[in-house]
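Novice: Below is a structure I'd like to ask you about.
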Amino acid sequence: MNTGIFKDQRYKSIVFLILASILWSTGGILIKLVDWNPIAIAGARSFISSIVVWLYLRKPMFTWSKAQLGGAVAYASTVILFVTANKLTTAANAILLQFTAPIFVAILGVWILNEKIKWYDYLSIAAVAAGMLLFFIDNVGSGSMLGNLLAVISGFFLACVTIALRLQKDGSPVETTFIGNVLTFIVAIPFMIGKIPDMQSILGIILLGIFQLGFAYILYALAMKHLSALEAILITVLEPLLNPICVFLFAGEKPSPYAILGGAIVIISVTLRSIAVTKESAKKDEEHKSEVG
């Protein structure tokens, strides 16, 4: 493969992940518009998202491979468990504990994908963990033990989704998100029976389904074709940092100094890691050219 094209695809994928993080971060403010059972919200959101993904795919390729089906189950589990965790514990706990995902990705990436963990990966994981802790230090309470546990499990399944999408890098990983959305909708049907949401709630669900889930996961799946699983999950840690910024802009809730410091640490660490990866890639290219020459 031409190295110039590879670099362009990598940079494009990073932009896709940043855009996906921005779209995911709108979830906090949009969910505030919806007065409905949380699992019903997840199901309705996934139903609309499945339509968006289907329209994007046009001619989906269902391989029914282990990676595609396993990724779909992991996707549905991530969405449902995270929403349930939000119901049982504090929102801060749910977000913080779900983003234990980079640790799971690092372990699974070595085992399943044979992706090597470099020195800068260890530093990035440690910095992200420290930054996230600072970011939520003023808001994290004990919460419900069950809710906290479900949030960690949702982080594990988020890691599984990332690994499954990476396994399909030579195929079409977007189909995994479509199947996952359909599964989520089916599981949520019992929770959607009864109360009918008002027009404001319906508008919120539509926006959640189209932008916060549909377009976001299309971008995420496409980015996974050209980035390592660990790099992808570290970049998307921007999402929980951007979430309170959206709430601040639209609801006036100001982040604390700890939150600002923690967010800065995460963003700087992820950026420095990306620079280190780029430099290492450039060095390998130069060595390859000298060997060929």
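Convention: chains lettered A, B, ... in structure tokens order; per-chain residue numbering from 1; ligands numbered from 1 as shown.
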Near A:Val52, within 7 Å and counting only C-alpha atoms, which residues show up once chain neighbours fewer than 3 positions away are dropped, as a VMD selection string?
Specialist: chain A and resid 48 to 49 55 to 56 210 214
Novice: Write out as a ChimeraX atom specification each polymer residue whose atoms come within 7 Å of stretch 197-201 of chain A, counting only C-alpha atoms; drop sequence neighbours fewer than 5 positions from it.
Specialist: /A:33-36
Novice: Can you tell me, as a short mmCIF file (atom, residue, chain, number, x, y, z; two decimals) with all heavy atoms, in the first residue's frame, what residues are no more than 8 Å from A:Ala67 when counting only C-alpha atoms, ignoring any on the same chain fewer than 2 positions away?
Specialist:
```
data_model
loop_
_atom_site.label_atom_id
_atom_site.label_comp_id
_atom_site.auth_asym_id
_atom_site.auth_seq_id
_atom_site.Cartn_x
_atom_site.Cartn_y
_atom_site.Cartn_z
N SER A 65 -20.55 -13.71 10.34
CA SER A 65 -19.31 -14.23 10.93
C SER A 65 -19.36 -14.05 12.45
O SER A 65 -20.21 -13.33 12.99
CB SER A 65 -18.11 -13.47 10.37
OG SER A 65 -18.16 -12.09 10.75
N LEU A 69 -21.51 -11.04 14.31
CA LEU A 69 -22.57 -11.37 15.27
C LEU A 69 -22.14 -11.06 16.71
O LEU A 69 -22.92 -10.51 17.50
CB LEU A 69 -22.95 -12.85 15.14
CG LEU A 69 -23.65 -13.24 13.83
CD1 LEU A 69 -23.90 -14.75 13.80
CD2 LEU A 69 -24.96 -12.48 13.67
N GLY A 70 -20.90 -11.42 17.04
CA GLY A 70 -20.40 -11.13 18.38
C GLY A 70 -20.34 -9.64 18.65
O GLY A 70 -20.69 -9.17 19.73
N GLY A 71 -19.92 -8.88 17.63
CA GLY A 71 -19.89 -7.43 17.77
C GLY A 71 -21.27 -6.84 17.96
O GLY A 71 -21.46 -5.89 18.73
N ALA A 164 -14.30 -6.25 17.75
CA ALA A 164 -15.07 -6.89 16.68
C ALA A 164 -15.03 -6.05 15.40
O ALA A 164 -14.90 -6.60 14.29
CB ALA A 164 -16.52 -7.09 17.12
N LEU A 165 -15.13 -4.74 15.53
CA LEU A 165 -15.06 -3.87 14.35
C LEU A 165 -13.67 -3.92 13.72
O LEU A 165 -13.53 -3.91 12.49
CB LEU A 165 -15.42 -2.43 14.74
CG LEU A 165 -16.86 -2.18 15.20
CD1 LEU A 165 -17.06 -0.73 15.60
CD2 LEU A 165 -17.86 -2.57 14.12
N LEU A 167 -11.63 -6.44 13.78
CA LEU A 167 -11.49 -7.74 13.12
C LEU A 167 -12.08 -7.72 11.71
O LEU A 167 -11.71 -8.53 10.86
CB LEU A 167 -12.18 -8.83 13.94
CG LEU A 167 -11.44 -9.32 15.20
CD1 LEU A 167 -12.35 -10.21 16.04
CD2 LEU A 167 -10.16 -10.06 14.81
N GLN A 168 -13.00 -6.78 11.47
CA GLN A 168 -13.65 -6.68 10.16
C GLN A 168 -13.08 -5.54 9.32
O GLN A 168 -13.73 -5.05 8.41
CB GLN A 168 -15.15 -6.46 10.36
CG GLN A 168 -15.83 -7.59 11.12
CD GLN A 168 -17.28 -7.27 11.46
OE1 GLN A 168 -18.16 -7.38 10.61
NE2 GLN A 168 -17.54 -6.87 12.69
#
```
Novice: Determine the nearest neighbour of A:Glu280 from the options A:Tyr75, A:Gly147, A:Tyr120, A:Pro38, counting only C-alpha atoms.
Specialist: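 Among the listed residues, the smallest separation from A:Glu280 belongs to A:Tyr120.
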Novice: How many Å separate atom CA of A:Val152 from atom CA of A:Leu208?
Specialist: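 Atom CA of A:Leu208 lies at a distance of 23.1 Å from atom CA of A:Val152.
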Novice: Can you list, as an MDAnalysis selection string, every protein, DNA or RNA residue that comes within 8 Å of A:Ser228 when you count only C-alpha atoms, leaving out same-chain residues fewer than 3 positions away?
Specialist: chainID A and resid 115 166 224 231:232
Novice: I want to know what sits within 8 Å of stretch 7-12 of chain A, based on only C-alpha atoms, with residues of the same chain fewer than 4 positions away left out; could you give that as a PyMOL selection string?
Specialist: chain A and resi 3+16+223+226-227
Novice: Choose the residue, out of A:Ala216, A:Val270, A:Ala229, A:Ala106, that has the smallest atom-to-atom separation from A:Val161; count only C-alpha atoms.
Specialist: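 For A:Val161, the nearest of the candidates is A:Ala229.
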Novice: Looking only at alpha helix (DSSP H) from DSSP on the backbone, list the matching residues of stretch 40-278 of chain A as number ranges by chain.
Specialist: A: 40-57, 66-88, 91-98, 101-108, 119-135, 145-167, 174-192, 199-207, 216-223, 229-235, 238-251, 257-278
Novice: Near A:Leu149, counting only C-alpha atoms, which residues have an atom at most 9 Å away, once you skip same-chain residues fewer than 4 positions from it, shown as a list in words?
Specialist: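 The residues satisfying every condition are Ala85, Leu97, Ser144, Met145, Ile153 and Ser154 of chain A.
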Novice: Write a file of the selected residues as a JSON list (two decimals), in the first residue's frame, keeping all heavy atoms.
Specialist:
```
[["chain", "number", "residue", "atom", "x", "y", "z"],
["A", 85, "ALA", "N", -27.30, 1.26, 33.87],
["A", 85, "ALA", "CA", -26.37, 1.76, 34.88],
["A", 85, "ALA", "C", -26.69, 3.21, 35.25],
["A", 85, "ALA", "O", -26.64, 3.59, 36.42],
["A", 85, "ALA", "CB", -24.94, 1.65, 34.38],
["A", 97, "LEU", "N", -16.91, 4.81, 34.83],
["A", 97, "LEU", "CA", -16.64, 3.39, 34.90],
["A", 97, "LEU", "C", -16.73, 2.71, 33.54],
["A", 97, "LEU", "O", -16.02, 1.73, 33.28],
["A", 97, "LEU", "CB", -17.60, 2.72, 35.90],
["A", 97, "LEU", "CG", -17.40, 3.15, 37.36],
["A", 97, "LEU", "CD1", -18.51, 2.60, 38.24],
["A", 97, "LEU", "CD2", -16.04, 2.67, 37.87],
["A", 144, "SER", "N", -25.00, 3.13, 43.37],
["A", 144, "SER", "CA", -25.45, 1.77, 43.62],
["A", 144, "SER", "C", -24.35, 0.80, 43.19],
["A", 144, "SER", "O", -23.77, 0.95, 42.12],
["A", 144, "SER", "CB", -26.73, 1.49, 42.83],
["A", 144, "SER", "OG", -26.92, 0.12, 42.66],
["A", 145, "MET", "N", -24.07, -0.18, 44.03],
["A", 145, "MET", "CA", -23.04, -1.16, 43.70],
["A", 145, "MET", "C", -23.39, -1.89, 42.40],
["A", 145, "MET", "O", -22.53, -2.11, 41.55],
["A", 145, "MET", "CB", -22.88, -2.17, 44.84],
["A", 145, "MET", "CG", -21.80, -3.22, 44.59],
["A", 145, "MET", "SD", -20.15, -2.49, 44.41],
["A", 145, "MET", "CE", -19.85, -1.94, 46.09],
["A", 153, "ILE", "N", -19.15, -3.40, 33.34],
["A", 153, "ILE", "CA", -19.43, -4.45, 32.35],
["A", 153, "ILE", "C", -19.73, -3.84, 30.99],
["A", 153, "ILE", "O", -19.33, -4.37, 29.94],
["A", 153, "ILE", "CB", -20.61, -5.34, 32.82],
["A", 153, "ILE", "CG1", -20.23, -6.07, 34.11],
["A", 153, "ILE", "CG2", -20.98, -6.36, 31.74],
["A", 153, "ILE", "CD1", -21.37, -6.86, 34.73],
["A", 154, "SER", "N", -20.43, -2.68, 30.98],
["A", 154, "SER", "CA", -20.70, -2.00, 29.71],
["A", 154, "SER", "C", -19.40, -1.55, 29.08],
["A", 154, "SER", "O", -19.26, -1.54, 27.84],
["A", 154, "SER", "CB", -21.65, -0.82, 29.93],
["A", 154, "SER", "OG", -20.99, 0.28, 30.52]]
```
Novice: My list of candidates is A:Thr100, A:Gln68, A:Thr26, A:Ser50. Which is closest to A:Ala159 when distances are computed with only C-alpha atoms?
Specialist: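 Closest to A:Ala159 of all the choices is A:Thr100.
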Novice: Using only C-alpha atoms, which of A:Leu249, A:Leu230, A:Gly209, A:Glu175 sits nearest A:Met61?
Specialist: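 Ranked by minimum distance to A:Met61, first place goes to A:Glu175.
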Novice: In terms of the shortest atom-to-atom distance over only C-alpha atoms, which of A:Ala130, A:Ile179, A:Val187, A:Ala42 is closest to A:Ile267?
Specialist: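 For A:Ile267, the nearest of the given residues is A:Ala130.
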Novice: Pick from A:Gly131, A:Gly171, A:Gly109, A:Gly27: nearest to A:Ile268, with only C-alpha atoms counted?
Specialist: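 Under the stated criterion, the closest residue is A:Gly131.
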